[in-house]
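Undergrad: One file: start-v4.tsv (TSV, C-alpha atoms).
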chain	number	residue	atom	x	y	z
A	1	MET	CA	0.00	0.00	0.00
A	2	VAL	CA	1.28	3.46	-0.89
A	3	ILE	CA	0.45	6.07	1.75
A	4	LEU	CA	0.21	9.62	0.39
A	5	LEU	CA	0.47	12.45	2.89
A	6	ALA	CA	0.00	16.18	2.47
A	7	THR	CA	-1.34	16.09	-1.08
A	8	ARG	CA	-1.80	19.69	-2.18
A	9	PRO	CA	-3.46	20.53	-5.52
A	10	GLU	CA	-2.57	23.92	-6.91
A	11	ASN	CA	-5.13	26.50	-7.96
A	12	GLY	CA	-5.89	27.09	-11.60
A	13	THR	CA	-5.31	23.59	-12.99
A	14	SER	CA	-6.66	22.93	-16.47
A	15	SER	CA	-9.94	21.13	-17.06
A	16	ILE	CA	-8.80	19.39	-20.26
A	17	ASP	CA	-7.93	15.68	-20.17
A	18	LYS	CA	-4.17	16.25	-20.43
A	19	LYS	CA	-4.10	18.29	-17.22
A	20	VAL	CA	-1.31	18.28	-14.68
A	21	VAL	CA	-2.24	18.45	-11.00
A	22	SER	CA	0.43	19.80	-8.70
A	23	GLN	CA	1.01	17.84	-5.55
A	24	LYS	CA	3.39	17.38	-2.70
A	25	GLU	CA	3.61	13.79	-1.55
A	26	VAL	CA	5.45	12.00	1.23
A	27	VAL	CA	5.71	8.38	0.15
A	28	MET	CA	6.03	5.38	2.42
A	29	TYR	CA	5.42	1.68	1.90
A	30	TRP	CA	3.51	-0.71	4.11
A	31	TYR	CA	5.35	-3.97	4.72
A	32	GLY	CA	3.54	-6.38	7.01
A	33	ASN	CA	2.80	-4.38	10.14
A	34	LYS	CA	5.29	-1.57	9.85
A	35	VAL	CA	5.81	1.55	7.76
A	36	GLU	CA	9.22	1.89	6.20
A	37	LYS	CA	10.69	4.96	4.52
A	38	VAL	CA	11.60	4.62	0.87
A	39	ASP	CA	15.28	5.34	1.48
A	40	SER	CA	17.55	6.13	4.38
A	41	TYR	CA	18.66	9.41	2.85
A	42	GLU	CA	16.61	12.59	2.73
A	43	SER	CA	14.79	12.59	-0.60
A	44	GLU	CA	15.07	15.59	-2.92
A	45	PHE	CA	12.09	17.82	-3.67
A	46	ILE	CA	12.15	19.06	-7.25
A	47	ASN	CA	10.07	22.01	-8.41
A	48	ALA	CA	8.96	21.54	-12.00
A	49	THR	CA	7.67	25.04	-12.66
A	50	PHE	CA	6.23	25.92	-16.06
A	51	ALA	CA	4.48	29.10	-17.15
A	52	ASN	CA	1.07	27.48	-16.68
A	53	TYR	CA	1.66	24.41	-14.50
A	54	TYR	CA	3.55	23.49	-11.38
A	55	LEU	CA	4.45	20.06	-10.01
A	56	GLU	CA	6.57	19.42	-6.96
A	57	TYR	CA	7.82	15.84	-6.94
A	58	GLU	CA	10.44	13.88	-5.06
A	59	ILE	CA	13.40	11.87	-6.26
A	60	LEU	CA	13.39	9.08	-3.71
A	61	THR	CA	16.49	7.15	-4.79
A	62	TYR	CA	19.93	8.49	-4.06
A	63	LEU	CA	22.25	8.55	-7.06
A	64	ASP	CA	25.82	8.72	-5.80
A	65	PRO	CA	27.82	11.15	-7.99
A	66	GLU	CA	30.76	8.76	-7.71
A	67	ARG	CA	28.90	6.38	-10.00
A	68	CYS	CA	29.19	9.01	-12.73
A	69	SER	CA	32.87	9.71	-12.15
A	70	GLY	CA	34.85	9.22	-15.34
A	71	LYS	CA	31.77	8.25	-17.37
A	72	LYS	CA	31.24	9.64	-20.84
A	73	LEU	CA	27.54	8.89	-21.22
A	74	PHE	CA	24.59	9.13	-18.81
A	75	VAL	CA	21.59	7.10	-19.99
A	76	PHE	CA	18.19	7.56	-18.38
A	77	VAL	CA	15.39	5.24	-19.47
A	78	MET	CA	11.68	6.05	-19.12
A	79	SER	CA	9.93	3.07	-17.55
A	80	ALA	CA	6.59	2.33	-15.87
A	81	VAL	CA	6.76	0.69	-12.44
A	82	HIS	CA	5.07	-2.54	-13.55
A	83	TYR	CA	7.44	-3.11	-16.51
A	84	PHE	CA	9.68	-5.36	-14.41
A	85	ASP	CA	10.25	-7.87	-17.22
A	86	GLN	CA	11.12	-5.15	-19.73
A	87	ARG	CA	13.82	-3.77	-17.45
A	88	ASP	CA	15.25	-7.25	-16.96
A	89	ILE	CA	15.40	-7.75	-20.71
A	90	ILE	CA	17.30	-4.49	-21.07
A	91	ARG	CA	19.72	-5.53	-18.30
A	92	ASN	CA	20.33	-8.78	-20.16
A	93	THR	CA	20.94	-7.10	-23.52
A	94	TRP	CA	22.18	-3.59	-24.20
A	95	ALA	CA	22.57	-2.53	-20.54
A	96	LYS	CA	24.97	-5.38	-19.80
A	97	LYS	CA	28.29	-4.36	-18.28
A	98	GLU	CA	30.18	-5.24	-21.46
A	99	HIS	CA	28.39	-2.38	-23.23
A	100	ASN	CA	28.66	0.14	-20.39
A	101	ASN	CA	32.22	0.44	-19.16
A	102	ASP	CA	32.08	4.17	-19.88
A	103	SER	CA	28.34	4.69	-19.31
A	104	LEU	CA	25.78	4.69	-16.52
A	105	VAL	CA	22.25	3.42	-17.21
A	106	VAL	CA	19.35	4.17	-14.85
A	107	PHE	CA	15.59	3.64	-15.11
A	108	ILE	CA	13.20	6.40	-14.00
A	109	VAL	CA	9.84	5.26	-12.63
A	110	GLY	CA	6.91	6.92	-10.90
A	111	LEU	CA	4.65	5.94	-8.00
A	112	PRO	CA	3.60	2.29	-7.62
A	113	LYS	CA	-0.16	1.84	-7.89
A	114	ASN	CA	-0.56	-1.16	-5.59
A	115	LYS	CA	1.09	-3.02	-2.72
A	116	ASN	CA	2.47	-5.83	-4.90
A	117	ASP	CA	4.21	-3.45	-7.34
A	118	ALA	CA	5.59	-1.45	-4.41
A	119	GLN	CA	7.07	-4.57	-2.83
A	120	MET	CA	8.56	-5.83	-6.10
A	121	LEU	CA	9.99	-2.40	-6.88
A	122	ARG	CA	11.74	-2.17	-3.51
A	123	GLU	CA	13.30	-5.59	-4.07
A	124	GLU	CA	14.39	-4.52	-7.56
A	125	VAL	CA	15.97	-1.31	-6.28
A	126	ILE	CA	17.99	-3.21	-3.69
A	127	LEU	CA	19.01	-5.98	-6.09
A	128	TYR	CA	20.09	-3.90	-9.09
A	129	ASN	CA	20.65	-0.34	-7.81
A	130	ASP	CA	19.70	1.09	-11.19
A	131	VAL	CA	16.09	2.25	-10.61
A	132	ILE	CA	15.36	5.85	-9.70
A	133	GLU	CA	12.05	6.09	-7.83
A	134	THR	CA	10.05	9.31	-7.98
A	135	THR	CA	6.66	10.51	-6.77
A	136	ILE	CA	5.62	11.41	-10.31
A	137	PRO	CA	2.29	9.77	-11.23
A	138	ASP	CA	3.14	6.66	-13.25
A	139	THR	CA	0.95	7.47	-16.25
A	140	TYR	CA	1.64	8.38	-19.87
A	141	ASN	CA	0.60	12.02	-19.56
A	142	TYR	CA	3.24	12.60	-16.89
A	143	THR	CA	6.12	11.33	-19.01
A	144	ALA	CA	7.37	14.89	-19.49
A	145	PHE	CA	8.02	15.12	-15.75
A	146	LYS	CA	10.10	11.92	-15.85
A	147	ILE	CA	12.16	13.62	-18.56
A	148	HIS	CA	12.43	16.61	-16.23
A	149	ALA	CA	13.69	14.26	-13.49
A	150	GLY	CA	16.27	12.76	-15.86
A	151	TYR	CA	17.62	16.20	-16.74
A	152	ASN	CA	17.75	17.05	-13.03
A	153	LEU	CA	19.68	13.88	-12.20
A	154	HIS	CA	22.28	14.83	-14.78
A	155	VAL	CA	22.56	18.44	-13.59
A	156	ARG	CA	22.55	17.65	-9.85
A	157	ARG	CA	24.44	14.34	-9.73
A	158	CYS	CA	26.28	13.73	-12.98
A	159	SER	CA	27.00	17.16	-14.45
A	160	ASP	CA	30.56	16.20	-15.43
A	161	VAL	CA	29.31	13.50	-17.80
A	162	PRO	CA	29.64	15.08	-21.27
A	163	PHE	CA	26.71	13.36	-23.01
A	164	VAL	CA	23.19	12.31	-22.00
A	165	LEU	CA	20.98	9.76	-23.75
A	166	ARG	CA	17.22	10.00	-23.11
A	167	ALA	CA	15.59	6.66	-23.98
A	168	ASP	CA	12.27	4.83	-23.89
A	169	ASP	CA	12.27	1.31	-22.52
A	170	ASP	CA	11.58	-0.27	-25.91
A	171	ILE	CA	14.52	1.19	-27.81
A	172	ILE	CA	17.67	-0.81	-28.47
A	173	THR	CA	21.08	0.82	-28.32
A	174	LEU	CA	24.74	0.00	-27.76
A	175	PRO	CA	26.20	2.55	-25.33
A	176	ASP	CA	29.76	1.40	-26.00
A	177	ARG	CA	29.25	2.08	-29.72
A	178	LEU	CA	27.86	5.51	-28.88
A	179	VAL	CA	30.90	6.22	-26.69
A	180	HIS	CA	33.12	5.18	-29.60
A	181	PHE	CA	31.59	7.92	-31.75
A	182	ILE	CA	31.94	10.38	-28.87
A	183	ASP	CA	35.63	9.50	-28.55
A	184	THR	CA	36.31	9.72	-32.29
A	185	GLY	CA	34.74	13.18	-32.56
A	186	TYR	CA	31.74	12.17	-34.67
A	187	PHE	CA	29.48	14.58	-32.76
A	188	GLY	CA	31.88	17.50	-33.05
A	189	ASN	CA	32.39	20.16	-30.39
A	190	GLU	CA	28.92	21.64	-30.04
A	191	ASP	CA	28.28	23.38	-26.72
A	192	LYS	CA	24.51	22.89	-26.65
A	193	ALA	CA	23.08	20.33	-29.07
A	194	ILE	CA	20.56	17.52	-29.36
A	195	TYR	CA	21.23	14.72	-31.83
A	196	GLY	CA	18.52	12.44	-33.19
A	197	THR	CA	15.87	12.07	-35.85
A	198	LEU	CA	14.74	15.59	-36.73
A	199	VAL	CA	11.02	16.20	-37.30
A	200	GLN	CA	10.02	19.29	-39.29
A	201	GLY	CA	6.83	20.68	-40.80
A	202	VAL	CA	4.54	18.73	-38.46
A	203	GLY	CA	1.54	20.30	-36.78
A	204	PRO	CA	-0.87	19.43	-33.96
A	205	ILE	CA	-3.46	16.70	-34.51
A	206	ARG	CA	-6.94	18.18	-34.13
A	207	ASP	CA	-8.90	14.91	-34.13
A	208	PRO	CA	-10.37	14.54	-30.59
A	209	ASN	CA	-10.24	10.74	-30.92
A	210	HIS	CA	-6.53	10.62	-31.64
A	211	LYS	CA	-3.93	9.70	-28.98
A	212	TRP	CA	-2.02	12.94	-29.62
A	213	TYR	CA	-5.00	15.26	-29.95
A	214	ILE	CA	-4.15	18.89	-29.20
A	215	PRO	CA	-7.02	21.43	-29.06
A	216	LYS	CA	-6.45	24.89	-30.50
A	217	GLU	CA	-6.89	26.55	-27.13
A	218	TYR	CA	-3.94	24.48	-25.86
A	219	TYR	CA	-1.64	25.14	-28.84
A	220	GLY	CA	-2.95	27.56	-31.43
A	221	GLN	CA	-0.27	27.47	-34.12
A	222	ASP	CA	-0.59	25.20	-37.14
A	223	GLN	CA	2.96	23.84	-36.91
A	224	TYR	CA	5.31	22.79	-34.16
A	225	PRO	CA	8.86	24.11	-34.20
A	226	PRO	CA	11.41	21.56	-35.45
A	227	TYR	CA	11.99	18.94	-32.78
A	228	VAL	CA	13.79	15.63	-32.27
A	229	ASN	CA	11.83	12.38	-32.25
A	230	GLY	CA	11.18	11.34	-28.65
A	231	PRO	CA	11.97	7.62	-28.21
A	232	ALA	CA	15.67	8.43	-28.01
A	233	TYR	CA	17.97	11.40	-28.45
A	234	LEU	CA	21.48	12.39	-27.42
A	235	MET	CA	22.27	15.66	-25.62
A	236	THR	CA	25.48	17.51	-24.90
A	237	GLN	CA	26.51	18.34	-21.36
A	238	ASN	CA	25.23	21.92	-21.23
A	239	SER	CA	21.87	21.25	-22.89
A	240	THR	CA	20.06	19.78	-19.89
A	241	LYS	CA	20.90	22.73	-17.64
A	242	ALA	CA	20.01	25.29	-20.31
A	243	ILE	CA	16.59	23.75	-20.90
A	244	LEU	CA	15.78	23.39	-17.20
A	245	GLU	CA	16.50	27.09	-16.71
A	246	LYS	CA	13.73	28.03	-19.18
A	247	THR	CA	10.87	25.84	-17.99
A	248	ASN	CA	9.34	28.68	-15.96
A	249	VAL	CA	8.84	30.79	-19.09
A	250	THR	CA	7.57	27.93	-21.23
A	251	THR	CA	3.95	26.78	-21.46
A	252	PHE	CA	3.77	23.14	-20.40
A	253	PHE	CA	3.13	20.80	-23.31
A	254	TRP	CA	2.38	17.17	-22.49
A	255	ILE	CA	3.94	15.85	-25.74
A	256	GLU	CA	7.40	15.81	-24.24
A	257	ASP	CA	9.62	15.71	-27.34
A	258	VAL	CA	7.86	18.79	-28.74
A	259	LEU	CA	8.17	20.47	-25.33
A	260	PHE	CA	11.84	19.83	-24.54
A	261	THR	CA	13.54	19.45	-27.93
A	262	GLY	CA	11.21	21.82	-29.77
A	263	LEU	CA	9.77	24.67	-27.71
A	264	MET	CA	12.49	24.86	-25.04
A	265	ALA	CA	15.43	24.02	-27.26
A	266	ASP	CA	14.34	26.93	-29.45
A	267	LYS	CA	14.22	29.29	-26.44
A	268	THR	CA	17.68	28.24	-25.25
A	269	ASN	CA	19.49	28.13	-28.61
A	270	VAL	CA	20.11	24.41	-28.29
A	271	LYS	CA	21.04	23.21	-31.75
A	272	LEU	CA	19.10	20.30	-33.27
A	273	ILE	CA	21.25	17.97	-35.37
A	274	ASN	CA	19.79	15.27	-37.59
A	275	SER	CA	22.07	12.29	-36.93
A	276	TYR	CA	21.59	10.39	-40.14
A	277	GLY	CA	22.74	6.80	-39.79
A	278	ILE	CA	23.05	6.70	-36.00
A	279	PHE	CA	19.27	6.41	-35.41
A	280	ALA	CA	17.01	3.97	-37.25
A	281	PHE	CA	13.57	2.36	-37.00
A	282	HIS	CA	13.04	-1.35	-36.35
A	283	CYS	CA	10.67	-3.85	-37.95
A	284	TYR	CA	10.85	-6.93	-40.18
A	285	GLN	CA	10.69	-6.25	-43.89
A	286	LYS	CA	12.73	-6.55	-47.08
A	287	ASP	CA	13.85	-3.74	-49.34
A	288	ASP	CA	13.11	-3.48	-53.06
A	289	ALA	CA	16.19	-5.55	-53.89
A	290	GLY	CA	15.01	-8.38	-51.64
A	291	ARG	CA	17.69	-7.79	-49.02
A	292	ARG	CA	16.82	-8.30	-45.37
A	293	ALA	CA	15.77	-5.00	-43.87
A	294	PHE	CA	15.37	-5.21	-40.13
A	295	ASN	CA	13.52	-1.93	-40.32
A	296	SER	CA	11.85	0.12	-42.99
A	297	LEU	CA	9.95	3.35	-43.40
A	298	ASP	CA	9.68	2.74	-47.14
A	299	ARG	CA	12.32	5.41	-47.55
A	300	ALA	CA	15.92	4.56	-48.31
A	301	GLY	CA	18.31	5.35	-45.52
A	302	TYR	CA	15.98	4.66	-42.59
A	303	CYS	CA	16.28	0.86	-42.68
A	304	LEU	CA	18.39	-1.13	-40.27
A	305	ARG	CA	19.84	-3.66	-42.68
A	306	SER	CA	22.20	-6.56	-42.18
A	307	THR	CA	24.97	-4.53	-43.86
A	308	LEU	CA	25.42	-0.81	-43.31
A	309	ALA	CA	27.94	1.99	-43.61
A	310	CYS	CA	30.78	2.01	-41.07
A	311	ASP	CA	33.37	4.55	-39.99
A	312	GLN	CA	37.09	4.32	-40.68
A	313	HIS	CA	37.50	2.04	-37.67
A	314	GLY	CA	35.04	-0.52	-39.01
A	315	VAL	CA	32.29	0.39	-36.53
A	316	PRO	CA	28.74	0.46	-37.98
A	317	TYR	CA	27.07	3.85	-37.66
A	318	ALA	CA	23.74	2.29	-36.63
A	319	THR	CA	23.69	2.68	-32.85
A	320	ILE	CA	20.09	3.26	-31.74
A	321	ILE	CA	16.94	1.64	-33.13
A	322	PHE	CA	13.30	2.02	-32.17
A	323	HIS	CA	9.91	1.16	-33.65
A	324	TYR	CA	7.83	3.44	-35.82
A	325	PRO	CA	4.79	4.71	-33.83
A	326	ASP	CA	2.33	2.70	-35.93
A	327	PHE	CA	4.29	-0.55	-35.53
A	328	PRO	CA	4.16	-2.90	-32.53
A	329	ARG	CA	6.74	-2.42	-29.77
A	330	SER	CA	10.13	-3.76	-30.80
A	331	ASN	CA	11.22	-7.11	-29.44
A	332	ILE	CA	14.31	-6.15	-27.45
A	333	TYR	CA	16.04	-9.51	-27.87
A	334	HIS	CA	15.54	-9.51	-31.65
A	335	GLY	CA	16.54	-5.88	-31.99
A	336	TYR	CA	19.65	-6.42	-29.88
A	337	GLU	CA	20.63	-9.43	-32.00
A	338	HIS	CA	20.11	-7.43	-35.19
A	339	LEU	CA	22.00	-4.37	-33.99
A	340	THR	CA	25.00	-6.36	-32.71
A	341	SER	CA	25.18	-8.46	-35.89
A	342	VAL	CA	25.23	-5.58	-38.40
A	343	LYS	CA	28.26	-5.79	-40.71
A	344	CYS	CA	30.03	-3.15	-42.78
A	345	ASP	CA	28.74	-2.93	-46.33
A	346	LYS	CA	32.28	-2.92	-47.67
A	347	GLU	CA	35.74	-3.61	-46.40
A	348	ILE	CA	37.34	-0.79	-44.43
A	349	PRO	CA	40.96	-0.17	-45.48
Could you render the structure from this file as structure tokens?

TA:
Amino acid sequence: MVILLATRPENGTSSIDKKVVSQKEVVMYWYGNKVEKVDSYESEFINATFANYYLEYEILTYLDPERCSGKKLFVFVMSAVHYFDQRDIIRNTWAKKEHNNDSLVVFIVGLPKNKNDAQMLREEVILYNDVIETTIPDTYNYTAFKIHAGYNLHVRRCSDVPFVLRADDDIITLPDRLVHFIDTGYFGNEDKAIYGTLVQGVGPIRDPNHKWYIPKEYYGQDQYPPYVNGPAYLMTQNSTKAILEKTNVTTFFWIEDVLFTGLMADKTNVKLINSYGIFAFHCYQKDDAGRRAFNSLDRAGYCLRSTLACDQHGVPYATIIFHYPDFPRSNIYHGYEHLTSVKCDKEIP
């Protein structure tokens, strides 16, 4: 059982379905006949203040800055509390130690919804030490606040780590391959930049029955600013801090990739860089020539194939794959096998 104390809704919350209700929660778990605090350290209260919304949440899990010492990549993965199996699959594939000598991977979750999930989560935290518990409601419309928590963890605990990867829990990546491209200068020397699949010329969906419906009174313009596709993107060291400093002058937008990599990146002069070849989509199809295409958008260049371009060191550029929104969630084991088995399309001298 989760016991919530001192819940305090703010005045002026929106009446539309995508509303955000501010709250201050002290979270404890009931085990048998005693109440136990979530952690022995004093949890951090984080103020997520936007121009039109305010949410105070807690980060309940202590992240020791020493764990980030000497790392080149901080990876935070969005995960729902009850996705225990999905996190285990990730630990057994791309989050294995062999892929993360220079990286730190953590999962960000919200509040458990029942006693069983709370108990299992506590056991998971103790066993793996890679889950960051928060008091953010564990629902889809609060994902933006989990992103906010990930940025805060980097700024407060791991600010010396030069790159940050924001990831959903159904993407497949190879952090050691990403670090290789960091080390070889592939991403250049940008001060504030976000790398990923750039989306341009897209506007709000006005169909009330659609998952991503946005009414005109919520966002009146016909087009979003350019933004980076949300399942995964890479950020430079100074980008997280710059964006967090502008939340209070930005209208909250529940579609988090538009909010952080579009609206706020534009306000903070964070450069958006289309990383062609590094990011791809995953499915099971064949291209026009009959070659195996692990992924396809029916457009050349977006397919994860069995042979792909490599750099001068013989390392395939394909590093992060995720499913197209209209496709089923990627099978992590299959995607991991495909990504690790990609070969260079020609011999590297």

Undergrad: What separation in Å, quoted to one decimal, exists between CA of Cys158 in chain A and CA of Asn129 in chain A?

TA: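 Atom-to-atom, CA of Cys158 in chain A to CA of Asn129 in chain A, that is 16.0 Å.
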
Undergrad: Near Gln221 in chain A, within 9 Å and counting only C-alpha atoms, which residues show up once chain neighbours fewer than 2 positions away are dropped, as a ChimeraX atom specification?

TA: /A:203-204,216,219,223-224

Undergrad: Could you list, as a PyMOL selection string, every residue within 8 Å of Leu198 in chain A, counting only C-alpha atoms and ignoring same-chain residues fewer than 3 positions away?

TA: chain A and resi 226-229+272-274

Undergrad: Nearest residue to Leu121 in chain A out of A:Trp212, A:Phe281, A:Phe84, A:Tyr142, using all atoms listed in the file?

TA: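 Nearest candidate to Leu121 in chain A out of A:Trp212, A:Phe281, A:Phe84, A:Tyr142: A:Phe84.
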
Undergrad: Kindly give the distance, in Å, that separates CA of Ala193 in chain A and CA of Leu263 in chain A, rounded to a single decimal.

TA: 14.1 Å

Undergrad: Fewer than 5 positions away in the same chain doesn't count, so skip those; otherwise give me all residues within 7 Å of Ser275 in chain A, counting all atoms listed in the file, as a PyMOL selection string.

TA: chain A and resi 195-197

Undergrad: Identify, on the basis of all atoms listed in the file, every residue whose closest approach to Arg67 in chain A does not exceed 12 Å; exclude the query and any residue fewer than 5 positions from it along the same chain; express the result as a list in words.

TA: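 In the requested form, the answer reads Tyr62, Lys72, Leu73, Phe74, Asn101, Asp102, Ser103, Leu104, Val105, Val106, Asn129, Asp130, His154, Arg157, Cys158, Ser159, Asp160 and Val161 of chain A.
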
Undergrad: Print the selection's residues with C-alpha atoms to a file, as an mmCIF file, in the coordinates of the input.

TA:
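part36.cif, written as the output of this step:
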data_model
loop_
_atom_site.group_PDB
_atom_site.id
_atom_site.type_symbol
_atom_site.label_atom_id
_atom_site.label_comp_id
_atom_site.auth_asym_id
_atom_site.auth_seq_id
_atom_site.Cartn_x
_atom_site.Cartn_y
_atom_site.Cartn_z
ATOM 1 C CA TYR A 62 19.930 8.490 -4.060
ATOM 2 C CA LYS A 72 31.240 9.640 -20.840
ATOM 3 C CA LEU A 73 27.540 8.890 -21.220
ATOM 4 C CA PHE A 74 24.590 9.130 -18.810
ATOM 5 C CA ASN A 101 32.220 0.440 -19.160
ATOM 6 C CA ASP A 102 32.080 4.170 -19.880
ATOM 7 C CA SER A 103 28.340 4.690 -19.310
ATOM 8 C CA LEU A 104 25.780 4.690 -16.520
ATOM 9 C CA VAL A 105 22.250 3.420 -17.210
ATOM 10 C CA VAL A 106 19.350 4.170 -14.850
ATOM 11 C CA ASN A 129 20.650 -0.340 -7.810
ATOM 12 C CA ASP A 130 19.700 1.090 -11.190
ATOM 13 C CA HIS A 154 22.280 14.830 -14.780
ATOM 14 C CA ARG A 157 24.440 14.340 -9.730
ATOM 15 C CA CYS A 158 26.280 13.730 -12.980
ATOM 16 C CA SER A 159 27.000 17.160 -14.450
ATOM 17 C CA ASP A 160 30.560 16.200 -15.430
ATOM 18 C CA VAL A 161 29.310 13.500 -17.800
#

Undergrad: I'd like to know which of A:Ala265, A:Ile132, A:Ile214, A:Ile89 is closest to Leu153 in chain A, using all atoms listed in the file.

TA: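 Checking each candidate against Leu153 in chain A, we get A:Ile132 as the closest.
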
Undergrad: Record the distance separating CA of Leu178 in chain A and CA of Glu98 in chain A, expressed in Å with one decimal.

TA: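 If I compute the distance from CA of Leu178 in chain A to CA of Glu98 in chain A, I get 13.3 Å.
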
Undergrad: For range 233-249 of chain A, list every protein, DNA or RNA residue within 6 Å, evaluated using all atoms listed in the file, and leave out those in the same chain fewer than 3 positions away; present the list as a PyMOL selection string.

TA: chain A and resi 49-51+151+162-166+192-196+264

Undergrad: Mind writing the picked residues with C-alpha atoms as a tab-separated table (two decimals), keeping the file's coordinate frame?

TA:
chain	number	residue	atom	x	y	z
A	49	THR	CA	7.67	25.04	-12.66
A	50	PHE	CA	6.23	25.92	-16.06
A	51	ALA	CA	4.48	29.10	-17.15
A	151	TYR	CA	17.62	16.20	-16.74
A	162	PRO	CA	29.64	15.08	-21.27
A	163	PHE	CA	26.71	13.36	-23.01
A	164	VAL	CA	23.19	12.31	-22.00
A	165	LEU	CA	20.98	9.76	-23.75
A	166	ARG	CA	17.22	10.00	-23.11
A	192	LYS	CA	24.51	22.89	-26.65
A	193	ALA	CA	23.08	20.33	-29.07
A	194	ILE	CA	20.56	17.52	-29.36
A	195	TYR	CA	21.23	14.72	-31.83
A	196	GLY	CA	18.52	12.44	-33.19
A	264	MET	CA	12.49	24.86	-25.04

Undergrad: With 9 Å as the threshold, what does the neighbourhood of (31.7, -6.6, -42.4) contain in terms of residues, counting all atoms listed in the file? Coordinates are those of the file; answer as a PyMOL selection string.

TA: chain A and resi 307-308+310+314+316+342-348

Undergrad: Where's the centre, and what are the edge lengths in Å to one decimal, of a box along x, y and z enclosing all listed atoms of range 57-71 of chain A padded 5 Å per side, as JSON?

TA:
{"center_x": 21.3, "center_y": 11.1, "center_z": -10.5, "size_x": 37.0, "size_y": 19.5, "size_z": 23.7}

Undergrad: Nearest to Asn100 in chain A among A:Thr173, A:Asn189, A:Thr261, A:Ser341, with distances taken over all atoms listed in the file: which residue is it?

TA: A:Thr173

Undergrad: Please determine, counting only C-alpha atoms, which residue among A:Lys96, A:His82, A:His313, A:His323 has the shortest atom-to-atom distance to Leu174 in chain A.

TA: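 Closest to Leu174 in chain A of all the choices is A:Lys96.
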
Undergrad: Go through A:His99, A:His180, A:Lys115, A:Arg122 one by one, measure the shortest atom-to-atom distance of each to Val315 in chain A using all atoms listed in the file, and give the residue with the smallest value.

TA: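 Closest to Val315 in chain A, using all atoms listed in the file: A:His180.
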
Undergrad: Please determine, counting only C-alpha atoms, which residue among A:Asp191, A:Glu123, A:Glu58, A:Asp88 has the shortest atom-to-atom distance to Ala149 in chain A.

TA: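 Of all the options, A:Glu58 lies closest to Ala149 in chain A.
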